[in-house]
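Note: the block below is start.txt and it holds compact mmCIF, C-alpha atoms.
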# COMPACT_ATOMS: atom_id res chain seq x y z
CA MET U 795 95.58 72.68 68.53
CA THR U 796 98.76 71.25 67.09
CA MET U 797 100.88 69.44 69.61
CA ALA U 798 104.60 69.11 69.34
CA PRO U 799 105.72 65.52 69.10
CA ALA U 800 106.49 63.99 72.46
CA PRO U 801 110.21 63.92 73.17
CA PRO U 802 111.74 60.48 73.37
CA PHE U 803 111.83 58.94 76.80
CA GLY U 804 113.12 55.74 78.20
CA SER U 805 110.40 53.66 79.76
CA TYR U 806 109.94 50.34 81.48
CA ARG U 807 106.71 48.87 82.77
CA THR U 808 106.18 45.84 84.96
CA ARG U 809 103.96 44.57 87.75
CA GLY U 810 104.63 44.63 91.44
CA LEU U 811 102.87 45.15 94.77
CA GLY U 812 99.68 43.89 93.16
CA THR U 813 99.58 46.73 90.66
CA THR U 814 101.45 48.27 87.75
CA ALA U 815 104.86 49.82 88.14
CA GLU U 816 106.52 52.11 85.65
CA ILE U 817 109.70 54.11 85.34
CA LEU U 818 110.43 56.84 82.80
CA THR U 819 113.79 58.44 82.12
CA THR U 820 114.53 61.65 80.25
CA ASP U 821 117.49 59.87 78.67
CA PRO U 822 116.15 57.03 76.54
CA GLY U 823 119.41 55.17 76.93
CA ALA U 824 119.00 55.06 80.70
CA ALA U 825 115.90 52.88 80.66
CA GLY U 826 117.79 49.61 81.12
CA SER U 827 119.58 50.71 84.27
CA ALA U 828 116.46 52.35 85.59
CA ALA U 829 114.50 49.15 85.01
CA ILE U 830 116.94 47.21 87.16
CA THR U 831 116.56 49.76 89.94
CA LEU U 832 112.79 49.50 89.72
CA ASP U 833 112.77 45.70 89.78
CA ARG U 834 115.09 45.59 92.78
CA GLY U 835 113.11 48.28 94.54
CA LEU U 836 109.84 46.40 94.10
CA GLU U 837 111.32 43.22 95.52
CA TRP U 838 112.85 45.18 98.39
CA ILE U 839 109.64 46.92 99.49
CA ASP U 840 107.59 43.74 99.10
CA LEU U 841 109.96 41.77 101.29
CA LEU U 842 110.04 44.60 103.79
CA ALA U 843 106.45 45.70 104.17
CA SER U 844 104.02 43.31 102.52
CA ARG U 845 101.21 42.11 104.73
CA PHE U 846 100.58 39.21 102.35
CA ARG U 847 103.79 37.26 102.38
CA ALA U 848 104.81 35.43 105.53
CA ASP U 849 108.50 36.09 105.03
CA SER U 850 108.25 39.88 104.98
CA GLU U 851 109.67 41.70 107.95
CA LEU U 852 106.32 43.34 108.62
CA SER U 853 104.52 39.98 108.63
CA ARG U 854 107.02 38.60 111.11
CA LEU U 855 106.49 41.63 113.31
CA ASN U 856 102.72 41.16 113.13
CA ALA U 857 103.06 37.44 113.83
CA ALA U 858 104.85 38.24 117.10
CA ARG U 859 101.55 39.74 118.38
CA GLY U 860 102.90 42.48 120.57
CA GLY U 861 106.06 43.29 122.46
CA THR U 862 109.29 45.14 121.88
CA PHE U 863 111.37 44.06 118.92
CA PRO U 864 114.49 45.03 117.03
CA VAL U 865 113.82 46.00 113.44
CA SER U 866 115.97 46.68 110.40
CA ALA U 867 116.90 50.25 109.56
CA ASP U 868 114.56 50.14 106.59
CA LEU U 869 111.55 48.93 108.57
CA ALA U 870 112.33 51.48 111.26
CA GLU U 871 112.22 54.17 108.62
CA ALA U 872 109.03 52.77 107.07
CA LEU U 873 107.36 52.72 110.48
CA GLY U 874 108.61 56.24 111.14
CA VAL U 875 106.99 57.39 107.91
CA ALA U 876 103.72 55.69 108.85
CA LEU U 877 103.70 57.18 112.35
CA ARG U 878 104.53 60.61 110.97
CA ALA U 879 101.47 60.24 108.75
CA ALA U 880 99.39 59.38 111.80
CA ARG U 881 100.62 62.41 113.72
CA LEU U 882 100.16 64.82 110.82
CA THR U 883 96.64 63.59 110.16
CA GLU U 884 95.69 63.25 113.82
CA GLY U 885 95.14 59.56 113.34
CA ALA U 886 93.14 59.68 110.11
CA VAL U 887 95.93 57.75 108.41
CA THR U 888 97.39 55.22 110.82
CA PRO U 889 99.34 51.97 110.47
CA THR U 890 97.21 50.36 113.18
CA VAL U 891 94.40 49.39 110.79
CA GLY U 892 95.80 45.92 110.06
CA ALA U 893 93.33 43.96 112.19
CA ALA U 894 90.42 46.01 110.85
CA MET U 895 91.52 45.24 107.30
CA VAL U 896 91.61 41.53 108.06
CA ALA U 897 88.24 41.68 109.80
CA LEU U 898 86.74 43.36 106.75
CA GLY U 899 88.07 40.56 104.57
CA TYR U 900 91.26 42.05 103.09
CA ASP U 901 93.44 39.24 104.35
CA ARG U 902 95.41 38.25 101.28
CA ASP U 903 96.86 39.72 98.12
CA PHE U 904 94.03 41.51 96.40
CA ALA U 905 94.40 39.48 93.22
CA ALA U 906 93.58 36.36 95.24
CA LEU U 907 90.68 37.96 97.10
CA PRO U 908 87.20 36.66 96.18
CA SER U 909 84.95 39.45 94.98
CA ASP U 910 82.31 38.46 97.54
CA ARG U 911 83.43 37.54 101.05
CA PRO U 912 81.14 35.44 103.23
CA GLY U 913 80.07 36.27 106.74
CA PRO U 914 78.72 39.36 108.46
CA LEU U 915 80.61 42.59 108.75
CA PRO U 916 82.52 43.06 111.99
CA PRO U 917 80.98 45.45 114.53
CA MET U 918 81.96 49.09 114.29
CA ALA U 919 84.85 49.83 116.60
CA PRO U 920 87.73 52.29 116.51
CA VAL U 921 91.07 50.83 115.53
CA PRO U 922 93.88 50.98 118.10
CA PRO U 923 95.40 54.46 118.29
CA TRP U 924 98.71 55.06 116.63
CA GLU U 925 100.22 55.58 120.09
CA ALA U 926 100.00 51.80 120.46
CA VAL U 927 103.18 51.75 118.37
CA VAL U 928 106.29 53.29 119.92
CA LEU U 929 109.28 53.53 117.65
CA ASP U 930 112.84 54.21 118.62
CA GLU U 931 114.13 54.85 115.14
CA PRO U 932 117.80 55.46 115.98
CA GLY U 933 117.79 52.46 118.31
CA ARG U 934 115.90 50.41 115.73
CA THR U 935 113.36 48.99 118.10
CA VAL U 936 109.62 49.14 118.05
CA ARG U 937 107.10 48.36 120.75
CA VAL U 938 103.69 47.23 119.55
CA ASP U 939 100.79 46.73 121.92
CA ALA U 940 99.23 43.28 122.02
CA GLY U 941 96.43 42.91 119.51
CA VAL U 942 97.72 45.59 117.18
CA GLN U 943 98.32 44.51 113.61
CA LEU U 944 100.21 46.90 111.38
CA ASP U 945 99.39 47.77 107.79
CA LEU U 946 101.66 50.15 105.90
CA GLY U 947 99.48 50.31 102.81
CA ALA U 948 98.85 54.03 103.15
CA THR U 949 102.50 55.02 103.07
CA ALA U 950 104.91 52.25 102.05
CA LYS U 951 104.21 52.21 98.32
CA ALA U 952 104.53 55.97 97.93
CA TRP U 953 107.61 56.04 100.17
CA ALA U 954 109.13 53.32 98.00
CA ALA U 955 108.35 55.34 94.87
CA ASP U 956 110.26 58.29 96.32
CA ARG U 957 113.24 56.13 97.20
CA ILE U 958 113.34 54.26 93.91
CA ALA U 959 113.10 57.51 91.95
CA ALA U 960 115.91 59.09 93.96
CA ARG U 961 118.10 56.04 93.59
CA ALA U 962 117.44 55.68 89.88
CA ALA U 963 118.10 59.36 89.20
CA ALA U 964 121.38 59.17 91.07
CA ALA U 965 122.35 56.04 89.19
CA VAL U 966 121.54 57.17 85.67
CA GLY U 967 122.13 60.91 86.01
CA CYS U 968 118.97 62.11 84.33
CA GLY U 969 115.39 62.89 85.17
CA VAL U 970 113.30 59.98 86.43
CA LEU U 971 109.63 59.43 87.08
CA VAL U 972 108.43 56.38 89.00
CA SER U 973 104.80 55.36 89.20
CA LEU U 974 103.80 52.57 91.55
CA GLY U 975 100.12 52.01 91.04
CA GLY U 976 99.55 55.68 90.31
CA ASP U 977 101.69 56.96 93.16
CA VAL U 978 104.11 59.14 91.20
CA ALA U 979 107.54 60.28 92.35
CA MET U 980 109.95 62.45 90.39
CA ALA U 981 113.68 62.94 90.83
CA GLY U 982 116.46 64.56 88.85
CA ASP U 983 115.89 67.17 86.19
CA ALA U 984 112.43 66.92 84.69
CA PRO U 985 112.02 67.14 80.94
CA LEU U 986 111.50 70.61 79.53
CA GLY U 987 108.02 71.63 80.61
CA GLY U 988 107.72 68.86 83.19
CA TRP U 989 106.14 65.42 83.34
CA SER U 990 102.54 65.14 82.20
CA ILE U 991 100.29 62.94 84.29
CA GLY U 992 96.78 61.86 83.45
CA LEU U 993 94.25 61.55 86.25
CA ALA U 994 91.62 58.88 86.55
CA ASP U 995 89.71 56.91 89.16
CA ARG U 996 91.90 53.88 88.49
CA CYS U 997 95.55 53.76 87.59
CA ASP U 998 94.99 51.13 84.91
CA THR U 999 92.88 53.55 82.88
CA PRO U 1000 94.26 53.97 79.33
CA ALA U 1001 96.05 57.29 78.92
CA ARG U 1002 93.59 58.43 76.24
CA ASP U 1003 90.68 57.99 78.66
CA THR U 1004 91.97 60.03 81.58
CA ASP U 1005 89.75 62.77 82.96
CA GLU U 1006 92.35 65.49 83.22
CA VAL U 1007 96.05 65.93 82.52
CA VAL U 1008 98.47 68.04 84.53
CA ILE U 1009 102.15 68.82 84.33
CA VAL U 1010 104.39 68.60 87.35
CA ALA U 1011 108.16 68.76 87.52
CA THR U 1012 109.26 67.84 91.01
CA GLY U 1013 108.11 66.06 94.15
CA GLY U 1014 105.20 63.71 93.93
CA LEU U 1015 101.59 63.28 93.01
CA ALA U 1016 99.30 60.59 94.33
CA THR U 1017 95.71 59.50 94.00
CA SER U 1018 93.66 57.66 96.59
CA GLY U 1019 90.17 56.45 96.03
CA THR U 1020 87.53 53.85 96.46
CA ALA U 1021 87.32 52.70 92.85
CA SER U 1022 89.89 49.95 93.25
CA ARG U 1023 90.58 47.26 95.82
CA ALA U 1024 86.91 46.91 96.62
CA TRP U 1025 84.90 43.77 97.33
CA ARG U 1026 81.46 42.85 98.60
CA ARG U 1027 80.34 41.63 101.97
CA GLU U 1028 76.82 41.32 103.32
CA GLY U 1029 75.68 42.81 100.04
CA ARG U 1030 77.69 45.98 100.61
CA VAL U 1031 80.67 47.27 98.68
CA ILE U 1032 83.72 47.34 100.92
CA HIS U 1033 86.85 49.27 99.98
CA HIS U 1034 90.32 49.34 101.43
CA LEU U 1035 90.45 52.86 102.91
CA VAL U 1036 89.50 52.34 106.54
CA ASP U 1037 88.22 55.12 108.77
CA PRO U 1038 90.11 54.55 112.05
CA ARG U 1039 87.18 55.98 114.01
CA THR U 1040 84.90 53.13 112.97
CA GLY U 1041 87.12 50.35 111.67
CA ARG U 1042 84.90 50.40 108.58
CA PRO U 1043 85.54 51.72 105.08
CA ALA U 1044 85.46 55.52 104.94
CA ALA U 1045 81.98 56.86 104.36
CA PRO U 1046 81.14 57.72 100.76
CA CYS U 1047 82.06 61.31 99.98
CA TRP U 1048 85.05 61.40 97.61
CA ARG U 1049 85.60 58.58 95.19
CA THR U 1050 88.99 59.92 94.08
CA VAL U 1051 91.39 62.44 95.56
CA THR U 1052 94.62 63.53 93.85
CA VAL U 1053 97.20 65.65 95.66
CA ALA U 1054 100.48 67.20 94.51
CA ALA U 1055 103.15 67.61 97.18
CA GLY U 1056 106.85 67.91 97.80
CA SER U 1057 107.15 64.12 97.79
CA CYS U 1058 105.06 61.20 96.70
CA VAL U 1059 104.58 59.96 100.24
CA ASP U 1060 103.35 63.35 101.42
CA ALA U 1061 100.96 63.47 98.49
CA ASN U 1062 99.63 60.01 99.32
CA ILE U 1063 99.27 60.75 103.03
CA ALA U 1064 97.20 63.81 102.19
CA ALA U 1065 95.12 62.04 99.53
CA THR U 1066 94.30 59.15 101.84
CA ALA U 1067 93.51 61.47 104.72
CA ALA U 1068 91.19 63.43 102.46
CA VAL U 1069 89.13 60.34 101.64
CA VAL U 1070 88.80 59.57 105.36
CA LEU U 1071 88.05 63.16 106.35
CA GLY U 1072 85.20 63.42 103.85
CA PRO U 1073 83.54 66.85 103.79
CA ASP U 1074 86.33 68.37 105.88
CA ALA U 1075 88.97 67.45 103.33
CA PRO U 1076 89.02 70.59 101.13
CA GLY U 1077 89.61 72.83 104.14
CA TRP U 1078 92.19 70.49 105.59
CA LEU U 1079 94.13 70.40 102.31
CA SER U 1080 93.83 74.15 101.79
CA GLU U 1081 95.25 74.88 105.24
CA ARG U 1082 98.31 72.85 104.26
CA CYS U 1083 98.75 74.60 100.89
CA LEU U 1084 98.41 71.30 99.07
CA PRO U 1085 96.92 71.59 95.58
CA ALA U 1086 94.37 68.87 95.13
CA ARG U 1087 91.58 67.57 92.95
CA LEU U 1088 88.68 65.86 94.66
CA VAL U 1089 86.01 63.95 92.78
CA SER U 1090 82.80 63.32 94.66
CA THR U 1091 80.82 60.12 94.43
CA SER U 1092 78.55 61.90 91.94
CA GLY U 1093 81.48 62.94 89.73
CA ALA U 1094 81.63 66.62 90.69
CA VAL U 1095 85.16 67.97 90.83
CA THR U 1096 86.47 70.26 93.56
CA ALA U 1097 89.82 71.96 93.00
CA VAL U 1098 91.78 73.02 96.05
CA GLY U 1099 94.58 75.58 96.27
CA SER U 1100 96.58 76.07 93.11
CA TRP U 1101 95.13 73.08 91.31
CA PRO U 1102 94.85 74.33 87.73
CA VAL U 1103 91.59 73.59 86.01
CA PRO U 1104 88.38 72.48 87.61
CA GLY U 1105 87.04 69.96 85.16
CA HIS U 1106 84.27 67.49 85.34
CA ALA U 1107 84.86 63.81 85.75
CA ARG U 1108 83.07 61.20 83.79
CA PRO U 1109 79.95 60.07 85.68
CA MET F 608 80.75 48.73 122.07
CA PRO F 609 84.15 47.16 122.12
CA THR F 610 86.81 49.64 123.04
CA GLY F 611 89.79 47.93 121.57
CA PRO F 612 91.69 44.72 121.32
CA TYR F 613 92.53 44.50 124.99
CA PRO F 614 91.42 41.46 127.00
CA PRO F 615 88.53 41.82 129.43
CA ASP F 616 90.66 41.48 132.54
CA ARG F 617 92.65 44.55 131.57
CA ALA F 618 89.52 46.46 130.71
CA ARG F 619 88.01 45.68 134.12
CA SER F 620 91.03 47.09 135.90
CA ILE F 621 90.91 50.39 134.08
CA PRO F 622 90.32 52.71 137.08
CA ALA F 623 93.15 51.36 139.20
CA VAL F 624 95.53 51.05 136.32
CA ALA F 625 94.62 54.43 134.91
CA GLN F 626 95.18 56.05 138.30
CA ARG F 627 98.51 54.38 138.63
CA GLN F 628 99.33 55.21 135.05
CA ALA F 629 98.61 58.89 135.64
CA GLY F 630 101.09 58.92 138.48
CA LEU F 631 103.69 57.15 136.45
CA THR F 632 103.13 59.53 133.59
CA ARG F 633 103.84 62.50 135.83
CA ILE F 634 106.98 60.84 137.07
CA ARG F 635 108.05 60.06 133.56
CA ARG F 636 107.49 63.64 132.51
CA LEU F 637 109.91 64.75 135.20
CA THR F 638 112.42 62.00 135.12
CA LYS F 639 111.72 60.22 131.92
CA GLY F 640 115.28 59.27 131.21
CA MET F 641 116.01 58.08 134.74
CA ALA F 642 112.77 56.19 135.01
CA ALA F 643 113.31 54.49 131.69
CA ALA F 644 116.81 53.51 132.63
CA ALA F 645 115.71 52.20 136.01
CA ALA F 646 112.96 50.18 134.44
CA GLY F 647 115.32 48.76 131.90
CA ALA F 648 112.91 49.72 129.21
CA VAL F 649 113.96 50.41 125.68
CA VAL F 650 111.45 53.17 125.20
CA VAL F 651 108.61 53.79 127.59
CA ALA F 652 106.62 56.56 126.05
CA THR F 653 103.01 56.85 126.98
CA GLY F 654 100.24 58.61 125.17
CA TYR F 655 98.91 61.36 127.37
CA VAL F 656 96.48 62.43 124.70
CA ALA F 657 95.19 59.43 122.89
CA HIS F 658 93.08 61.31 120.41
CA ALA F 659 93.05 65.02 119.83
CA ARG F 660 90.71 64.67 116.92
CA PRO F 661 87.04 65.46 117.48
CA GLY F 662 84.96 62.35 117.34
CA HIS F 663 87.95 60.09 117.71
CA HIS F 664 87.16 58.31 120.93
CA ALA F 665 89.80 58.22 123.61
CA SER F 666 88.57 55.19 125.44
CA ALA F 667 90.17 54.35 128.73
CA ALA F 668 91.34 51.04 127.39
CA THR F 669 93.23 52.68 124.57
CA THR F 670 95.29 54.74 126.97
CA LEU F 671 96.49 51.75 128.94
CA GLN F 672 100.17 51.05 128.71
CA PRO F 673 102.29 48.46 130.43
CA THR F 674 102.99 49.72 133.91
CA THR F 675 105.77 47.33 134.74
CA PRO F 676 108.88 46.63 132.78
CA PRO F 677 109.04 43.32 130.96
CA THR F 678 110.45 40.54 133.09
CA THR F 679 111.66 38.62 130.11
CA PRO F 680 113.87 39.81 127.30
CA PRO F 681 111.98 41.09 124.31
CA THR F 682 111.22 38.57 121.65
CA THR F 683 113.77 38.84 118.93
CA LEU F 684 112.80 38.72 115.33
CA GLU F 685 115.25 37.15 112.99
CA PRO F 686 117.82 39.55 111.62
CA SER F 687 116.46 41.03 108.47
CA GLY F 688 119.48 42.31 106.64
CA GLY F 689 118.38 45.49 104.99
CA GLY F 690 121.82 46.58 103.93
CA ASP F 691 122.56 48.31 100.69
CA ASP F 692 123.54 45.06 99.05
CA SER F 693 119.93 43.93 99.36
CA GLY F 694 118.88 46.25 96.59
CA ALA F 695 117.19 48.65 98.94
CA PRO F 696 117.06 52.11 97.44
CA SER F 697 118.96 54.60 99.50
CA SER F 698 117.12 56.83 101.87
CA ALA F 699 116.13 60.18 100.50
CA GLY F 700 115.91 61.79 103.89
CA GLY F 701 118.11 62.18 106.92
CA ASP F 702 117.58 60.80 110.37
CA ASP F 703 116.69 63.38 112.96
CA GLY F 704 117.47 60.99 115.77
CA SER F 705 114.03 61.17 117.27
CA SER F 706 111.81 58.49 118.64
CA VAL F 707 108.28 58.32 117.34
CA GLY F 708 105.26 57.27 119.30
CA GLY F 709 103.04 58.51 122.05
CA SER F 710 105.57 60.63 123.90
CA ALA F 711 104.87 64.30 124.43
CA ALA F 712 108.62 64.90 124.33
CA VAL F 713 108.89 63.85 120.70
CA PRO F 714 109.35 66.89 118.48
CA ALA F 715 106.64 67.63 115.99
CA PRO F 716 107.20 65.94 112.64
CA ALA F 717 107.98 67.92 109.54
CA PRO F 718 104.71 69.08 108.02
CA LEU F 719 103.45 67.77 104.72
CA ALA F 720 105.47 69.56 102.06
CA PRO F 721 103.63 71.47 99.35
CA PRO F 722 104.99 71.18 95.81
CA THR F 723 107.56 73.72 94.71
CA THR F 724 105.48 74.55 91.65
CA ALA F 725 101.78 74.21 91.11
CA PRO F 726 100.48 71.64 88.63
CA ARG F 727 99.67 73.05 85.21
CA PRO F 728 97.15 71.79 82.69
CA ALA F 729 98.34 69.61 79.85
CA THR F 730 96.89 67.44 77.14
CA ARG F 731 98.95 64.32 76.60
CA PRO F 732 99.68 62.13 79.61
CA GLN F 733 102.85 60.12 79.94
CA VAL F 734 101.60 58.16 82.95
CA VAL F 735 98.29 57.79 84.73
CA SER F 736 97.64 58.45 88.39
CA GLY F 737 94.62 56.75 89.87
CA SER F 738 93.84 54.52 92.78
CA SER F 739 95.33 51.06 92.59
Can you turn what I pasted into structure tokens?
Amino acid sequence: MTMAPAPPFGSYRTRGLGTTAEILTTDPGAAGSAAITLDRGLEWIDLLASRFRADSELSRLNAARGGTFPVSADLAEALGVALRAARLTEGAVTPTVGAAMVALGYDRDFAALPSDRPGPLPPMAPVPPWEAVVLDEPGRTVRVDAGVQLDLGATAKAWAADRIAARAAAAVGCGVLVSLGGDVAMAGDAPLGGWSIGLADRCDTPARDTDEVVIVATGGLATSGTASRAWRREGRVIHHLVDPRTGRPAAPCWRTVTVAAGSCVDANIAATAAVVLGPDAPGWLSERCLPARLVSTSGAVTAVGSWPVPGHARP
Amino acid sequence: MPTGPYPPDRARSIPAVAQRQAGLTRIRRLTKGMAAAAAGAVVVATGYVAHARPGHHASAATTLQPTTPPTTPPTTLEPSGGGDDSGAPSSAGGDDGSSVGGSAAVPAPAPLAPPTTAPRPATRPQVVSGSS
């Protein structure tokens, strides 16, 4: 098949949040302005919600170890997004997994994490329920129960992608795609035919090696999986997607789940929930009319809803 | 099996506290605003249903909430700025004015939004989506 040459796009790629970050613009001349928006957005979300820098607002909230605190409007919104995720997933995706993450060994930026952590695994125990966090978003206060450590990893990056894309599109007046570690948000008018996105277990996979390619034009698309941010402990592979029911990594079922949704954060909430829900995930996604592609640990692909082509992932 | 991060002394007092909590919860349901104002609390929203999800344990300890208002002012974190001059991208969504937490009075959140158009197959990717 002969392919038409790809139209020119503006693009800028950098690193942030421990992963790759990229912005594309339908107007090639807009790349410079869009790059500035991306760089500022990465610094903003890191300073707001990183668990790995002591000066972030989230780290200062966690360091207070329980109580009622005033928070900035941005952190109030970020917490609201995380608690909405918890409610919509009935606790499968919750910001209260922070202490469990630390107990499992994910206690620093992943790049600085040894591949093999010493010591036994912590005992299985449910993480605190999301109701341990009570947010008054208009009043900008949050009450956190003692012992609860917050982690916004399941929502903050995708939420930031949505916001950066919206801001960049408004600033440059053309179509924009933002990818933060594979969490993809789109804003403005998409290029003719839409944006084409390759799917893989890891976001650092070269484009030519992706398993499947789809076109989307609006909203967001996100992939969650167990192929990255994994380490070893007690001879076992530990990954970063915690099942709140056990405080342990989600049981092996899906190694990669990709969801398309009306926004990147909704896509990521659903993708993360799917990994945690395991065998129940296809039904859960279907009930919510969310097109999705689930790859099992053996490489078998399950397409949900209006997902286009069931393919077969590389083993 | 541990039931949560709560100290043993709180866990031992579960029956009495839970009983008292149930009474307070009923009162709060009826006069939530008045009770909150009288207690001087910022938001006192309790989780009546800790876990609706099958298999997600609703241990007694996890339903405990403070039953008395704080006697000292809340700890204040340093002001964090967060204004538009900080480089923060503007919010894409509006504020519905609701509180979020364990209160039964909180309206249900907006459901996860499906995409406006379904993904279509393609051949040449511009970006890659994978776990990071």
How many Å lie between CA of Pro802 in chain U and CA of Ala984 in chain U, rounded to one decimal?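 Between these atoms lies a distance of 13.0 Å.
Nearest residue to Thr724 in chain F, choosing from U:Leu818, U:Ile1063, U:Val927, U:Val1010 and counting all atoms listed in the file: U:Val1010.
Take CA of Ala981 in chain U and CA of Val875 in chain U: the distance between them is 19.2 Å.
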Within 12 Å of Thr1096 in chain U, counting all atoms listed in the file, which residues show up once you throw out same-chain ones fewer than 4 positions away? Write them as a list in words, please.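 Those residues are Cys1047, Trp1048, Arg1049, Thr1050, Val1051, Thr1052, Val1053, Pro1073, Ala1075, Pro1076, Gly1077, Leu1079, Ser1080, Pro1085, Ala1086, Arg1087, Leu1088, Val1089, Ser1090, Thr1091, Ser1092, Ser1100, Trp1101, Pro1102, Val1103, Pro1104, Gly1105, His1106 and Ala1107 of chain U.
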Calculate how many Å separate CA of Gly860 in chain U from CA of Ala1024 in chain U, rounding to one decimal.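 Calculated distance between CA of Gly860 in chain U and CA of Ala1024 in chain U is 29.1 Å.
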What would range 1016-1037 of chain U look like with N, CA and C atoms restored, written as a PDB file, keeping the file's coordinate frame?
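So the final result, stored in out.pdb, reads:
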ATOM      1  N   ALA U1016      99.898  61.884  93.997  1.00  0.00           N
ATOM      2  CA  ALA U1016      99.300  60.590  94.330  1.00  0.00           C
ATOM      3  C   ALA U1016      97.782  60.690  94.337  1.00  0.00           C
ATOM      4  N   THR U1017      97.170  59.576  94.033  1.00  0.00           N
ATOM      5  CA  THR U1017      95.710  59.500  94.000  1.00  0.00           C
ATOM      6  C   THR U1017      95.244  58.371  94.911  1.00  0.00           C
ATOM      7  N   SER U1018      94.318  58.681  95.777  1.00  0.00           N
ATOM      8  CA  SER U1018      93.660  57.660  96.590  1.00  0.00           C
ATOM      9  C   SER U1018      92.181  57.658  96.258  1.00  0.00           C
ATOM     10  N   GLY U1019      91.584  56.503  96.348  1.00  0.00           N
ATOM     11  CA  GLY U1019      90.170  56.450  96.030  1.00  0.00           C
ATOM     12  C   GLY U1019      89.564  55.113  96.352  1.00  0.00           C
ATOM     13  N   THR U1020      88.290  55.046  96.097  1.00  0.00           N
ATOM     14  CA  THR U1020      87.530  53.850  96.460  1.00  0.00           C
ATOM     15  C   THR U1020      87.174  53.011  95.244  1.00  0.00           C
ATOM     16  N   ALA U1021      87.705  53.399  94.071  1.00  0.00           N
ATOM     17  CA  ALA U1021      87.320  52.700  92.850  1.00  0.00           C
ATOM     18  C   ALA U1021      88.071  51.392  92.656  1.00  0.00           C
ATOM     19  N   SER U1022      89.134  51.183  93.404  1.00  0.00           N
ATOM     20  CA  SER U1022      89.890  49.950  93.250  1.00  0.00           C
ATOM     21  C   SER U1022      90.015  49.282  94.617  1.00  0.00           C
ATOM     22  N   ARG U1023      90.458  48.053  94.592  1.00  0.00           N
ATOM     23  CA  ARG U1023      90.580  47.260  95.820  1.00  0.00           C
ATOM     24  C   ARG U1023      89.287  47.328  96.633  1.00  0.00           C
ATOM     25  N   ALA U1024      88.223  46.968  95.963  1.00  0.00           N
ATOM     26  CA  ALA U1024      86.910  46.910  96.620  1.00  0.00           C
ATOM     27  C   ALA U1024      86.332  45.512  96.438  1.00  0.00           C
ATOM     28  N   TRP U1025      85.521  45.073  97.382  1.00  0.00           N
ATOM     29  CA  TRP U1025      84.900  43.770  97.330  1.00  0.00           C
ATOM     30  C   TRP U1025      83.522  43.877  97.980  1.00  0.00           C
ATOM     31  N   ARG U1026      82.809  42.803  98.038  1.00  0.00           N
ATOM     32  CA  ARG U1026      81.460  42.850  98.600  1.00  0.00           C
ATOM     33  C   ARG U1026      81.401  41.981  99.851  1.00  0.00           C
ATOM     34  N   ARG U1027      80.586  42.427 100.777  1.00  0.00           N
ATOM     35  CA  ARG U1027      80.340  41.630 101.970  1.00  0.00           C
ATOM     36  C   ARG U1027      78.969  42.038 102.519  1.00  0.00           C
ATOM     37  N   GLU U1028      78.184  41.060 102.845  1.00  0.00           N
ATOM     38  CA  GLU U1028      76.820  41.320 103.320  1.00  0.00           C
ATOM     39  C   GLU U1028      76.076  42.208 102.344  1.00  0.00           C
ATOM     40  N   GLY U1029      76.370  42.030 101.058  1.00  0.00           N
ATOM     41  CA  GLY U1029      75.680  42.810 100.040  1.00  0.00           C
ATOM     42  C   GLY U1029      76.173  44.236  99.898  1.00  0.00           C
ATOM     43  N   ARG U1030      77.190  44.606 100.677  1.00  0.00           N
ATOM     44  CA  ARG U1030      77.690  45.980 100.610  1.00  0.00           C
ATOM     45  C   ARG U1030      79.060  45.997  99.943  1.00  0.00           C
ATOM     46  N   VAL U1031      79.352  47.103  99.277  1.00  0.00           N
ATOM     47  CA  VAL U1031      80.670  47.270  98.680  1.00  0.00           C
ATOM     48  C   VAL U1031      81.629  47.746  99.779  1.00  0.00           C
ATOM     49  N   ILE U1032      82.712  47.014  99.919  1.00  0.00           N
ATOM     50  CA  ILE U1032      83.720  47.340 100.920  1.00  0.00           C
ATOM     51  C   ILE U1032      84.984  47.777 100.186  1.00  0.00           C
ATOM     52  N   HIS U1033      85.579  48.877 100.590  1.00  0.00           N
ATOM     53  CA  HIS U1033      86.850  49.270  99.980  1.00  0.00           C
ATOM     54  C   HIS U1033      87.937  49.313 101.049  1.00  0.00           C
ATOM     55  N   HIS U1034      89.159  49.575 100.585  1.00  0.00           N
ATOM     56  CA  HIS U1034      90.320  49.340 101.430  1.00  0.00           C
ATOM     57  C   HIS U1034      90.742  50.551 102.264  1.00  0.00           C
ATOM     58  N   LEU U1035      90.049  51.674 102.139  1.00  0.00           N
ATOM     59  CA  LEU U1035      90.450  52.860 102.910  1.00  0.00           C
ATOM     60  C   LEU U1035      89.607  52.910 104.194  1.00  0.00           C
ATOM     61  N   VAL U1036      90.218  52.505 105.280  1.00  0.00           N
ATOM     62  CA  VAL U1036      89.500  52.340 106.540  1.00  0.00           C
ATOM     63  C   VAL U1036      89.492  53.645 107.331  1.00  0.00           C
ATOM     64  N   ASP U1037      88.327  53.984 107.848  1.00  0.00           N
ATOM     65  CA  ASP U1037      88.220  55.120 108.770  1.00  0.00           C
ATOM     66  C   ASP U1037      88.589  54.605 110.165  1.00  0.00           C
TER      67      ASP U1037
END
